[in-house]
$ cat query-v2.cif   # mmCIF, C-alpha atoms
data_structure
#
loop_
_atom_site.label_atom_id
_atom_site.label_comp_id
_atom_site.auth_asym_id
_atom_site.auth_seq_id
_atom_site.Cartn_x
_atom_site.Cartn_y
_atom_site.Cartn_z
CA MET A 1 14.87 -12.85 8.43
CA ALA A 2 15.17 -11.22 11.79
CA ALA A 3 14.07 -14.37 13.58
CA ARG A 4 16.79 -16.47 11.92
CA LEU A 5 19.43 -13.92 12.91
CA LEU A 6 17.96 -13.90 16.40
CA LEU A 7 18.19 -17.69 16.47
CA ARG A 8 21.83 -17.81 15.38
CA SER A 9 23.03 -14.93 17.56
CA ALA A 10 21.12 -16.23 20.59
CA PHE A 11 22.64 -19.66 20.11
CA ARG A 12 26.17 -18.29 19.76
CA ALA A 13 25.71 -15.88 22.65
CA GLY A 14 24.35 -18.68 24.80
CA SER A 15 27.15 -21.09 24.03
CA VAL A 16 29.98 -18.57 24.28
CA CYS A 17 29.09 -16.46 27.30
CA ARG A 18 27.40 -18.97 29.54
CA ALA A 19 28.98 -17.58 32.69
CA ALA A 20 28.47 -13.90 31.98
CA ARG A 21 24.85 -13.20 32.79
CA GLN A 22 23.79 -11.30 29.68
CA ALA A 23 20.17 -11.86 30.70
CA PRO A 24 18.25 -8.57 30.59
CA ALA A 25 18.14 -6.61 33.80
CA ARG A 26 14.43 -5.90 33.33
CA CYS A 27 11.96 -8.34 34.83
CA MET A 28 8.64 -8.39 36.62
CA SER A 29 9.95 -6.51 39.60
CA THR A 30 11.56 -3.61 37.73
CA GLY A 31 9.15 -2.87 34.87
CA GLY A 32 6.16 -5.14 35.09
CA ILE A 33 6.64 -7.03 31.82
CA PRO A 34 7.87 -10.60 32.29
CA THR A 35 10.88 -12.00 30.44
CA ASP A 36 11.02 -15.29 28.56
CA GLU A 37 13.20 -16.55 31.43
CA GLU A 38 10.28 -16.05 33.80
CA GLN A 39 7.36 -16.94 31.57
CA ALA A 40 8.33 -19.20 28.67
CA THR A 41 6.78 -22.64 28.85
CA GLY A 42 6.54 -25.94 26.99
CA LEU A 43 8.75 -26.63 24.00
CA GLU A 44 9.72 -22.96 23.72
CA LYS A 45 11.23 -23.15 27.22
CA VAL A 46 13.02 -26.43 26.52
CA ILE A 47 14.59 -24.98 23.39
CA MET A 48 15.47 -21.72 25.16
CA LYS A 49 17.34 -23.66 27.86
CA ALA A 50 19.04 -25.89 25.31
CA MET A 51 20.21 -22.90 23.26
CA ARG A 52 21.61 -21.33 26.41
CA ASP A 53 23.47 -24.51 27.26
CA GLY A 54 24.84 -24.71 23.74
CA THR A 55 23.05 -27.94 22.80
CA ASP A 56 20.76 -28.41 19.82
CA PRO A 57 18.46 -31.36 20.60
CA TYR A 58 15.95 -30.43 17.88
CA ASN A 59 18.45 -29.96 15.09
CA MET A 60 17.59 -26.32 14.47
CA MET A 61 21.17 -25.38 13.58
CA LYS A 62 23.24 -26.50 10.60
CA PRO A 63 24.85 -29.89 11.31
CA LYS A 64 28.53 -29.93 12.20
CA GLY A 65 30.93 -30.50 9.33
CA TYR A 66 33.00 -33.65 9.29
CA ALA A 67 35.54 -34.94 6.79
CA GLY A 68 33.52 -38.10 6.14
CA SER A 69 36.62 -40.29 6.23
CA LYS A 70 37.04 -43.51 8.21
CA MET A 71 38.91 -41.61 10.95
CA ASP A 72 36.48 -38.67 10.97
CA PRO A 73 33.05 -39.98 9.95
CA HIS A 74 29.93 -37.85 9.79
CA LEU A 75 28.28 -38.22 13.21
CA VAL A 76 24.51 -38.46 12.78
CA PRO A 77 22.61 -37.87 16.04
CA SER A 78 19.51 -40.02 16.50
CA ILE A 79 16.98 -40.75 19.21
CA THR A 80 16.28 -44.20 17.72
CA ASN A 81 18.58 -46.95 16.46
CA LYS A 82 18.30 -45.93 12.81
CA ARG A 83 17.89 -42.73 10.86
CA ILE A 84 17.54 -41.83 7.17
CA VAL A 85 20.57 -40.05 5.70
CA GLY A 86 20.52 -38.05 2.47
CA CYS A 87 24.03 -37.59 1.05
CA VAL A 88 24.65 -34.70 -1.36
CA CYS A 89 27.89 -36.21 -2.56
CA GLU A 90 29.18 -33.16 -4.33
CA GLU A 91 28.12 -29.55 -3.86
CA ASP A 92 25.14 -28.58 -6.07
CA ASN A 93 24.26 -32.24 -6.81
CA THR A 94 20.53 -32.46 -7.45
CA ALA A 95 20.31 -36.23 -7.00
CA VAL A 96 20.37 -36.93 -3.26
CA VAL A 97 21.45 -40.43 -2.22
CA TRP A 98 19.10 -41.68 0.48
CA PHE A 99 19.76 -44.64 2.79
CA TRP A 100 18.98 -45.95 6.27
CA LEU A 101 21.87 -45.57 8.71
CA HIS A 102 21.80 -48.27 11.41
CA GLU A 103 23.40 -48.32 14.81
CA GLY A 104 26.79 -49.96 15.03
CA GLU A 105 29.66 -49.81 12.55
CA ALA A 106 29.90 -46.79 10.28
CA GLN A 107 28.26 -47.17 6.87
CA ARG A 108 29.41 -45.67 3.59
CA CYS A 109 27.39 -43.73 1.03
CA PRO A 110 26.78 -46.09 -1.91
CA SER A 111 27.64 -43.29 -4.32
CA CYS A 112 30.60 -41.31 -2.96
CA GLY A 113 31.79 -43.56 -0.13
CA ALA A 114 31.60 -40.98 2.66
CA HIS A 115 31.49 -42.55 6.14
CA TYR A 116 28.46 -42.05 8.38
CA HIS A 117 28.17 -43.18 12.01
CA LEU A 118 24.91 -43.19 13.97
CA ASP A 119 25.19 -41.40 17.31
CA HIS A 120 22.32 -42.96 19.25
CA PHE A 121 21.58 -40.93 22.37
CA VAL A 122 18.72 -41.16 24.84
CA ALA A 123 16.66 -38.02 24.52
CA HIS A 124 15.74 -36.09 27.66
CA PHE A 125 12.58 -34.16 27.10
CA GLY A 126 12.41 -32.67 30.56
CA CYS A 127 8.89 -32.08 31.76
CA TYR A 128 7.65 -31.13 28.31
CA LEU A 129 4.94 -33.46 27.11
CA HIS A 130 3.71 -33.57 23.56
CA PHE A 131 0.18 -34.73 22.90
CA CYS A 132 -0.16 -36.11 19.39
CA GLY A 133 -3.77 -36.02 18.26
CA CYS A 134 -5.14 -38.81 16.12
CA PRO A 135 -6.79 -37.28 13.02
CA VAL A 136 -9.24 -40.06 12.34
CA THR A 137 -11.84 -39.68 15.07
CA PHE A 138 -12.88 -36.01 15.24
CA TRP A 139 -16.58 -36.63 15.60
CA TRP A 140 -17.79 -33.17 14.61
CA PHE A 141 -16.63 -33.73 11.04
CA TYR A 142 -18.90 -36.73 10.61
CA ILE A 143 -21.83 -34.81 12.05
CA PHE A 144 -21.16 -31.98 9.62
CA LEU A 145 -21.01 -34.42 6.70
CA LEU A 146 -24.31 -35.98 7.73
CA VAL A 147 -26.06 -32.62 8.11
CA PHE A 148 -24.66 -31.38 4.82
CA TYR A 149 -25.67 -34.53 2.97
CA VAL A 150 -29.20 -34.50 4.35
CA SER A 151 -29.79 -30.81 3.67
CA PHE A 152 -28.31 -31.00 0.20
CA SER A 153 -30.50 -33.99 -0.68
CA ALA A 154 -33.54 -32.18 0.69
CA PHE A 155 -32.69 -29.14 -1.43
CA LEU A 156 -32.35 -31.26 -4.57
CA TRP A 157 -35.54 -33.29 -3.99
CA GLN A 158 -37.57 -30.18 -3.33
CA ARG A 159 -37.60 -29.23 -7.02
CA MET B 1 6.32 -42.08 19.55
CA ALA B 2 4.78 -39.62 21.97
CA HIS B 3 7.50 -36.95 21.78
CA GLN B 4 8.51 -35.08 18.66
CA ALA B 5 12.16 -34.77 17.61
CA HIS B 6 11.73 -31.42 15.84
CA ALA B 7 10.99 -27.85 16.89
CA TYR B 8 7.93 -27.35 14.72
CA HIS B 9 4.29 -27.32 15.74
CA MET B 10 2.07 -30.15 14.52
CA VAL B 11 -1.31 -28.58 15.20
CA ASP B 12 -4.11 -30.58 16.78
CA PRO B 13 -7.23 -31.20 14.62
CA SER B 14 -9.48 -28.16 14.60
CA PRO B 15 -12.98 -27.41 13.24
CA TRP B 16 -12.33 -23.71 12.63
CA PRO B 17 -11.00 -23.96 9.05
CA LEU B 18 -14.19 -25.82 8.18
CA THR B 19 -16.48 -23.33 9.91
CA GLY B 20 -14.54 -20.52 8.24
CA ALA B 21 -15.05 -22.08 4.82
CA VAL B 22 -18.76 -22.56 5.53
CA ALA B 23 -18.96 -18.93 6.65
CA ALA B 24 -17.34 -17.82 3.39
CA LEU B 25 -19.86 -19.90 1.44
CA LEU B 26 -22.83 -18.49 3.36
CA MET B 27 -21.59 -14.89 3.07
CA THR B 28 -21.01 -15.04 -0.68
CA SER B 29 -24.20 -16.88 -1.55
CA GLY B 30 -26.00 -14.75 1.03
CA LEU B 31 -24.75 -11.63 -0.75
CA ALA B 32 -26.21 -12.91 -4.03
CA ILE B 33 -29.50 -13.81 -2.31
CA TRP B 34 -29.63 -10.34 -0.73
CA MET B 35 -29.13 -8.65 -4.07
CA HIS B 36 -31.82 -10.67 -5.87
CA PHE B 37 -34.38 -11.58 -3.21
CA HIS B 38 -33.95 -8.75 -0.65
CA THR B 39 -33.39 -10.97 2.38
CA MET B 40 -30.28 -10.72 4.52
CA THR B 41 -30.71 -13.91 6.56
CA LEU B 42 -28.13 -16.12 4.86
CA MET B 43 -25.51 -13.36 4.72
CA THR B 44 -26.04 -12.44 8.37
CA LEU B 45 -25.73 -16.09 9.35
CA GLY B 46 -22.45 -16.24 7.44
CA MET B 47 -21.14 -13.11 9.17
CA ILE B 48 -21.98 -14.47 12.62
CA LEU B 49 -20.26 -17.75 11.78
CA LEU B 50 -17.24 -15.78 10.51
CA LEU B 51 -16.98 -13.78 13.74
CA LEU B 52 -17.27 -16.96 15.81
CA THR B 53 -14.60 -18.65 13.68
CA MET B 54 -12.17 -15.74 14.00
CA TYR B 55 -12.67 -15.49 17.74
CA GLN B 56 -12.19 -19.19 18.40
CA TRP B 57 -9.36 -19.82 15.94
CA TRP B 58 -7.24 -16.93 17.15
CA ARG B 59 -8.08 -17.79 20.79
CA ASP B 60 -6.73 -21.27 20.09
CA ILE B 61 -3.52 -19.84 18.57
CA ILE B 62 -3.00 -17.70 21.66
CA ARG B 63 -3.52 -20.77 23.83
CA GLU B 64 -1.02 -22.79 21.78
CA GLY B 65 1.64 -20.07 21.75
CA THR B 66 1.36 -18.25 25.06
CA PHE B 67 -0.01 -20.92 27.36
CA GLN B 68 1.45 -24.09 25.85
CA GLY B 69 4.78 -22.83 24.50
CA HIS B 70 4.44 -24.23 20.98
CA HIS B 71 5.78 -21.06 19.33
CA THR B 72 9.46 -21.99 19.20
CA PRO B 73 11.90 -19.86 17.13
CA PRO B 74 11.27 -21.73 13.85
CA VAL B 75 7.50 -21.53 14.39
CA GLN B 76 7.75 -17.81 15.09
CA LYS B 77 9.80 -17.39 11.92
CA GLY B 78 7.00 -19.05 9.96
CA LEU B 79 4.43 -16.74 11.53
CA ARG B 80 6.55 -13.74 10.53
CA TYR B 81 6.77 -14.94 6.93
CA GLY B 82 3.01 -15.45 6.99
CA MET B 83 2.22 -11.95 8.18
CA ILE B 84 4.62 -10.34 5.72
CA LEU B 85 3.11 -12.31 2.83
CA PHE B 86 -0.41 -11.39 3.93
CA ILE B 87 0.44 -7.69 4.12
CA THR B 88 2.08 -7.95 0.70
CA SER B 89 -1.12 -9.41 -0.72
CA GLU B 90 -3.03 -6.49 0.79
CA VAL B 91 -0.60 -4.08 -0.86
CA PHE B 92 -1.50 -5.62 -4.21
CA PHE B 93 -5.18 -5.34 -3.32
CA PHE B 94 -4.81 -1.57 -2.89
CA LEU B 95 -2.58 -1.30 -5.95
CA GLY B 96 -5.59 -2.34 -8.01
CA PHE B 97 -7.66 0.57 -6.74
CA PHE B 98 -4.82 3.01 -7.28
CA TRP B 99 -4.53 1.66 -10.82
CA ALA B 100 -8.23 2.33 -11.35
CA PHE B 101 -7.88 5.87 -10.00
CA TYR B 102 -4.90 6.75 -12.16
CA HIS B 103 -6.44 5.12 -15.24
CA SER B 104 -9.41 7.45 -14.99
CA SER B 105 -7.68 10.57 -13.74
CA LEU B 106 -4.58 10.73 -15.96
CA ALA B 107 -6.61 10.78 -19.18
CA PRO B 108 -10.11 12.08 -18.28
CA THR B 109 -12.72 11.25 -20.91
CA PRO B 110 -14.93 13.84 -22.69
CA GLU B 111 -17.88 12.60 -20.61
CA LEU B 112 -16.15 14.04 -17.54
CA GLY B 113 -15.41 17.31 -19.31
CA GLY B 114 -11.91 16.28 -20.27
CA CYS B 115 -10.58 17.40 -16.89
CA TRP B 116 -9.84 16.07 -13.43
CA PRO B 117 -11.58 16.62 -11.07
CA PRO B 118 -14.52 16.07 -13.42
CA THR B 119 -16.92 18.91 -14.18
CA GLY B 120 -19.44 19.40 -11.39
CA ILE B 121 -17.42 17.72 -8.66
CA THR B 122 -16.51 19.88 -5.65
CA THR B 123 -13.56 18.15 -4.09
CA LEU B 124 -12.66 18.16 -0.41
CA ASP B 125 -10.00 20.67 0.63
CA PRO B 126 -6.89 18.55 1.21
CA PHE B 127 -5.61 20.99 3.81
CA GLU B 128 -8.58 20.68 6.12
CA VAL B 129 -9.79 17.40 7.68
CA PRO B 130 -7.71 15.15 5.37
CA LEU B 131 -4.54 16.87 6.58
CA LEU B 132 -5.64 16.40 10.20
CA ASN B 133 -6.25 12.73 9.41
CA THR B 134 -2.72 12.47 8.06
CA ALA B 135 -1.33 13.97 11.26
CA VAL B 136 -3.46 11.64 13.38
CA LEU B 137 -2.21 8.50 11.59
CA LEU B 138 1.40 9.63 11.61
CA ALA B 139 1.12 10.32 15.34
CA SER B 140 -0.37 6.86 15.85
CA GLY B 141 2.66 5.42 14.06
CA VAL B 142 4.86 7.14 16.60
CA THR B 143 2.82 5.91 19.57
CA VAL B 144 2.79 2.31 18.34
CA THR B 145 6.59 2.43 18.02
CA TRP B 146 6.72 3.87 21.52
CA ALA B 147 4.58 0.93 22.69
CA HIS B 148 6.94 -1.55 21.05
CA HIS B 149 10.00 -0.10 22.70
CA SER B 150 8.19 -0.02 26.04
CA ILE B 151 7.45 -3.73 25.74
CA MET B 152 11.03 -4.54 24.77
CA GLU B 153 12.31 -2.57 27.74
CA GLY B 154 9.89 -4.23 30.13
CA LEU B 155 7.93 -1.10 31.01
CA ARG B 156 4.36 -2.28 31.57
CA LYS B 157 2.63 1.01 32.38
CA GLN B 158 4.14 2.87 29.42
CA ALA B 159 3.35 0.01 27.07
CA ILE B 160 -0.29 0.02 28.09
CA GLN B 161 -0.57 3.82 27.87
CA SER B 162 1.08 4.16 24.45
CA LEU B 163 -0.87 1.24 23.01
CA ALA B 164 -4.15 2.70 24.32
CA LEU B 165 -3.21 6.09 22.82
CA THR B 166 -2.55 4.43 19.46
CA ILE B 167 -5.99 2.85 19.51
CA LEU B 168 -7.61 6.14 20.50
CA LEU B 169 -5.91 7.89 17.58
CA GLY B 170 -7.19 5.12 15.32
CA PHE B 171 -10.73 5.69 16.56
CA TYR B 172 -10.29 9.45 16.12
CA PHE B 173 -9.29 8.89 12.46
CA THR B 174 -12.32 6.66 11.89
CA PHE B 175 -14.60 9.24 13.52
CA LEU B 176 -13.18 12.09 11.40
CA GLN B 177 -13.48 10.05 8.20
CA GLY B 178 -17.04 9.19 9.13
CA MET B 179 -17.83 12.88 9.50
CA GLU B 180 -16.16 13.63 6.14
CA TYR B 181 -18.21 10.90 4.45
CA TYR B 182 -21.40 12.31 5.93
CA GLU B 183 -20.63 15.90 4.91
CA ALA B 184 -19.10 15.18 1.48
CA PRO B 185 -20.66 17.10 -1.43
CA PHE B 186 -20.42 14.03 -3.71
CA THR B 187 -21.43 10.37 -3.40
CA ILE B 188 -20.19 7.00 -4.65
CA ALA B 189 -22.71 7.28 -7.49
CA ASP B 190 -21.14 10.49 -8.81
CA GLY B 191 -19.32 9.06 -11.79
CA VAL B 192 -15.86 7.57 -11.76
CA TYR B 193 -14.65 10.23 -9.32
CA GLY B 194 -17.13 9.07 -6.69
CA SER B 195 -16.43 5.42 -7.38
CA THR B 196 -12.65 5.64 -7.11
CA PHE B 197 -12.78 7.98 -4.13
CA PHE B 198 -15.16 5.99 -1.97
CA VAL B 199 -13.97 2.49 -2.90
CA ALA B 200 -10.31 3.34 -2.23
CA THR B 201 -10.88 5.39 0.95
CA GLY B 202 -13.66 3.06 2.03
CA PHE B 203 -11.48 -0.06 1.93
CA HIS B 204 -8.77 1.92 3.67
CA GLY B 205 -11.22 2.87 6.42
CA LEU B 206 -12.18 -0.78 6.80
CA HIS B 207 -8.51 -1.65 7.21
CA VAL B 208 -8.14 1.06 9.86
CA ILE B 209 -11.01 -0.55 11.78
CA ILE B 210 -9.41 -4.01 11.38
CA GLY B 211 -6.02 -2.64 12.50
CA SER B 212 -7.54 -0.88 15.50
CA THR B 213 -9.29 -4.11 16.50
CA PHE B 214 -6.01 -6.04 16.20
CA LEU B 215 -4.27 -3.45 18.39
CA ALA B 216 -7.14 -3.57 20.89
CA VAL B 217 -6.72 -7.34 21.20
CA CYS B 218 -3.00 -6.74 21.79
CA LEU B 219 -3.84 -4.23 24.52
CA LEU B 220 -6.06 -6.80 26.20
CA ARG B 221 -3.28 -9.39 26.00
CA GLN B 222 -0.65 -6.95 27.26
CA VAL B 223 -2.82 -6.15 30.29
CA GLN B 224 -3.10 -9.87 30.96
CA TYR B 225 0.69 -10.41 30.85
CA HIS B 226 0.75 -12.47 27.65
CA PHE B 227 3.75 -10.66 26.16
CA THR B 228 7.33 -10.99 27.35
CA SER B 229 10.05 -8.48 26.59
CA GLU B 230 11.61 -10.86 24.04
CA HIS B 231 8.59 -12.71 22.65
CA HIS B 232 5.62 -10.60 21.58
CA PHE B 233 5.05 -11.43 17.93
CA GLY B 234 1.29 -10.81 18.10
CA PHE B 235 2.02 -7.20 18.92
CA GLU B 236 4.69 -6.93 16.22
CA ALA B 237 2.25 -8.27 13.63
CA ALA B 238 -0.35 -5.70 14.72
CA ALA B 239 2.25 -2.93 14.53
CA TRP B 240 3.34 -4.00 11.03
CA TYR B 241 -0.29 -3.99 9.92
CA TRP B 242 -0.81 -0.57 11.44
CA HIS B 243 2.23 0.89 9.66
CA PHE B 244 0.93 -0.61 6.41
CA VAL B 245 -2.46 1.11 6.96
CA ASP B 246 -0.61 4.38 7.63
CA VAL B 247 1.45 4.10 4.43
CA VAL B 248 -1.65 3.34 2.33
CA TRP B 249 -3.27 6.49 3.74
CA LEU B 250 -0.22 8.56 2.79
CA PHE B 251 -0.50 7.33 -0.79
CA LEU B 252 -4.25 7.95 -0.77
CA TYR B 253 -3.75 11.46 0.56
CA ILE B 254 -1.08 12.40 -1.99
CA SER B 255 -2.87 10.80 -4.99
CA ILE B 256 -6.59 11.26 -4.45
CA TYR B 257 -6.94 14.11 -1.98
CA TRP B 258 -4.08 16.36 -3.04
CA TRP B 259 -3.08 15.64 -6.66
CA GLY B 260 -6.64 14.67 -7.55
CA SER B 261 -8.18 17.91 -6.34
#
$ encode --input "query-v2.cif" --output "structure tokens"
Amino acid sequence: MAARLLLRSAFRAGSVCRAARQAPARCMSTGGIPTDEEQATGLEKVIMKAMRDGTDPYNMMKPKGYAGSKMDPHLVPSITNKRIVGCVCEEDNTAVVWFWLHEGEAQRCPSCGAHYHLDHFVAHFGCYLHFCGCPVTFWWFYIFLLVFYVSFSAFLWQR
Amino acid sequence: MAHQAHAYHMVDPSPWPLTGAVAALLMTSGLAIWMHFHTMTLMTLGMILLLLTMYQWWRDIIREGTFQGHHTPPVQKGLRYGMILFITSEVFFFLGFFWAFYHSSLAPTPELGGCWPPTGITTLDPFEVPLLNTAVLLASGVTVTWAHHSIMEGLRKQAIQSLALTILLGFYFTFLQGMEYYEAPFTIADGVYGSTFFVATGFHGLHVIIGSTFLAVCLLRQVQYHFTSEHHFGFEAAAWYWHFVDVVWLFLYISIYWWGS
């Protein structure tokens, strides 16, 4: 889709021509419509900056290809000290081999023997804060249930 | 873990899907109550709840995308897929009514006089108001494309003017169709001709009103600086929907107004 092409081309353009300012000439002062550079916020802005710098902190792009040998193991980026790896040993295999990859020495896939090494890095999230809501305590749902139950019972007992 | 390690949007809990479902329940049961017991209370309640749900849900989406920055590239991609799939489902909705029209008109029964248009039906002249309506919608397609290019090129004044013009053309179409409906020599009760004509054009008219409303919301957002020259998917979705409405009209015009006359 257009957005995927936009993603890939923006990423490549950002990583290749970092010096050449290909940023659009239009902005608030010339036309009146802001650019993403001026107005993007939150996670969108973080990702925009990362794409421009050529990094991919949210794993949006295809992972880099490695040989998987002892000398050139698959490097698995992780923000914690372990991450789940799913090895598709041969192309078109439908059975994926899943295992936890721990920090430290490289581990091998129990099926095909490919080497995987955890690349534990400390994530910098900038000033973007994510608020994760807890789904258990939204009070209005309980009130709705109560009202529904009472009115339904009243309707049934009326007959 | 307070921070997410992916680019997707895990939405906060929201009551609007529930209120929307309740609204659907009240509207449908209200419709049945209206038909049998002649009281519109339940249905009206459902409609009000539906309007409130739509307003608040979409307001929340605008807050999440424009003000909080949750609409990252993968999220936007998902929204695009969503809109395309929705429009596709609407295409199939209209296909049904075209099927009904062609079923009845290609092999007219003896009850109709064995001909189409059926005996006794005076059709509308396709080269009068319907042709004007076609021109109006085609022109609105041009103006909405003009609006899109204005946004992409960062031209605020032009974007606002062309978008406003598109909406005005939409209103003009609705007004003209309203006049046609009022002056038509046949009604929805006039056999299968009336049924197919008014159901197909009627649903199309409803979609024109929906599309115009969507564009009007975009105009409001554009005036308030929500859109950037690169990221303005709300507008693109409205434009896609508007082009869809235009294409449906073209098919309606060719099939029902012109061939069917």
$ resolve_selection --input "query-v2.cif" --expression "the PyMOL selection byres ((chain B) within 7 of (chain A))" --output "ChimeraX atom specification"
/B:2-3,5-7,12-13,68-73,77,151,153-156,225,228-231
$ resolve_selection --input "query-v2.cif" --expression "the PyMOL selection byres ((chain B and resi 241-246) around 8)" --output "list in words"
Ile87, Leu137, Leu138, Gly141, His204, His207, Val208, Gly211, Ser212, Ala237, Ala238, Ala239, Trp240, Val247, Val248, Trp249 and Leu250 of chain B
$ write_last_selection --input "query-v2.cif" --atoms "C-alpha atoms" --output "PDB file, in the frame of the given file"
ATOM      1  CA  ILE B  87       0.440  -7.690   4.120  1.00  0.00           C
ATOM      2  CA  LEU B 137      -2.210   8.500  11.590  1.00  0.00           C
ATOM      3  CA  LEU B 138       1.400   9.630  11.610  1.00  0.00           C
ATOM      4  CA  GLY B 141       2.660   5.420  14.060  1.00  0.00           C
ATOM      5  CA  HIS B 204      -8.770   1.920   3.670  1.00  0.00           C
ATOM      6  CA  HIS B 207      -8.510  -1.650   7.210  1.00  0.00           C
ATOM      7  CA  VAL B 208      -8.140   1.060   9.860  1.00  0.00           C
ATOM      8  CA  GLY B 211      -6.020  -2.640  12.500  1.00  0.00           C
ATOM      9  CA  SER B 212      -7.540  -0.880  15.500  1.00  0.00           C
ATOM     10  CA  ALA B 237       2.250  -8.270  13.630  1.00  0.00           C
ATOM     11  CA  ALA B 238      -0.350  -5.700  14.720  1.00  0.00           C
ATOM     12  CA  ALA B 239       2.250  -2.930  14.530  1.00  0.00           C
ATOM     13  CA  TRP B 240       3.340  -4.000  11.030  1.00  0.00           C
ATOM     14  CA  VAL B 247       1.450   4.100   4.430  1.00  0.00           C
ATOM     15  CA  VAL B 248      -1.650   3.340   2.330  1.00  0.00           C
ATOM     16  CA  TRP B 249      -3.270   6.490   3.740  1.00  0.00           C
ATOM     17  CA  LEU B 250      -0.220   8.560   2.790  1.00  0.00           C
TER      18      LEU B 250
END
$ closest_residue --input "query-v2.cif" --among "A:Ile84, A:Leu146, A:Ala95, A:Cys89" --to "Ser111 of chain A" --atoms "all atoms listed in the file"
A:Cys89
$ atom_distance --input "query-v2.cif" --atom1 "atom CA of Ile48 of chain B" --atom2 "atom CA of Gly96 of chain B"
29.0 Å
$ residues_around --input "query-v2.cif" --residues "Phe101 of chain B" --least-positions-apart "3" --cutoff "9 Å" --atoms "all atoms listed in the file" --output "PDB file with C-alpha atoms, keeping the file's coordinate frame"
ATOM      1  CA  GLY B  96      -5.590  -2.340  -8.010  1.00  0.00           C
ATOM      2  CA  PHE B  97      -7.660   0.570  -6.740  1.00  0.00           C
ATOM      3  CA  PHE B  98      -4.820   3.010  -7.280  1.00  0.00           C
ATOM      4  CA  SER B 104      -9.410   7.450 -14.990  1.00  0.00           C
ATOM      5  CA  SER B 105      -7.680  10.570 -13.740  1.00  0.00           C
ATOM      6  CA  LEU B 106      -4.580  10.730 -15.960  1.00  0.00           C
ATOM      7  CA  VAL B 192     -15.860   7.570 -11.760  1.00  0.00           C
ATOM      8  CA  TYR B 193     -14.650  10.230  -9.320  1.00  0.00           C
ATOM      9  CA  SER B 195     -16.430   5.420  -7.380  1.00  0.00           C
ATOM     10  CA  THR B 196     -12.650   5.640  -7.110  1.00  0.00           C
ATOM     11  CA  PHE B 197     -12.780   7.980  -4.130  1.00  0.00           C
ATOM     12  CA  ALA B 200     -10.310   3.340  -2.230  1.00  0.00           C
ATOM     13  CA  SER B 255      -2.870  10.800  -4.990  1.00  0.00           C
ATOM     14  CA  ILE B 256      -6.590  11.260  -4.450  1.00  0.00           C
TER      15      ILE B 256
END
$ residues_around --input "query-v2.cif" --residues "Val85 of chain A" --least-positions-apart "3" --cutoff "12 Å" --atoms "only C-alpha atoms" --output "list in words"
His74, Leu75, Val76, Pro77, Ser78, Lys82, Val88, Cys89, Val96, Val97, Trp98, Phe99, Trp100, Leu101, His102, Gln107, Arg108, Cys109, Pro110, Ala114, His115, Tyr116, His117 and Leu118 of chain A
$ atom_distance --input "query-v2.cif" --atom1 "atom CA of Cys87 of chain A" --atom2 "atom CA of Lys64 of chain A"
14.3 Å
$ residues_near_point --input "query-v2.cif" --point "(-0.2, 1.1, 23.4)" --cutoff "10 Å" --atoms "only C-alpha atoms" --output "number ranges by chain"
B: 140, 143-148, 150-151, 156-168, 215-216, 218-219, 222, 235
$ atom_distance --input "query-v2.cif" --atom1 "atom CA of Glu91 of chain A" --atom2 "atom CA of Met61 of chain A"
19.2 Å
$ closest_residue --input "query-v2.cif" --among "B:Met10, B:Phe214, B:Ile84, B:Glu128" --to "Met54 of chain B" --atoms "only C-alpha atoms"
B:Phe214
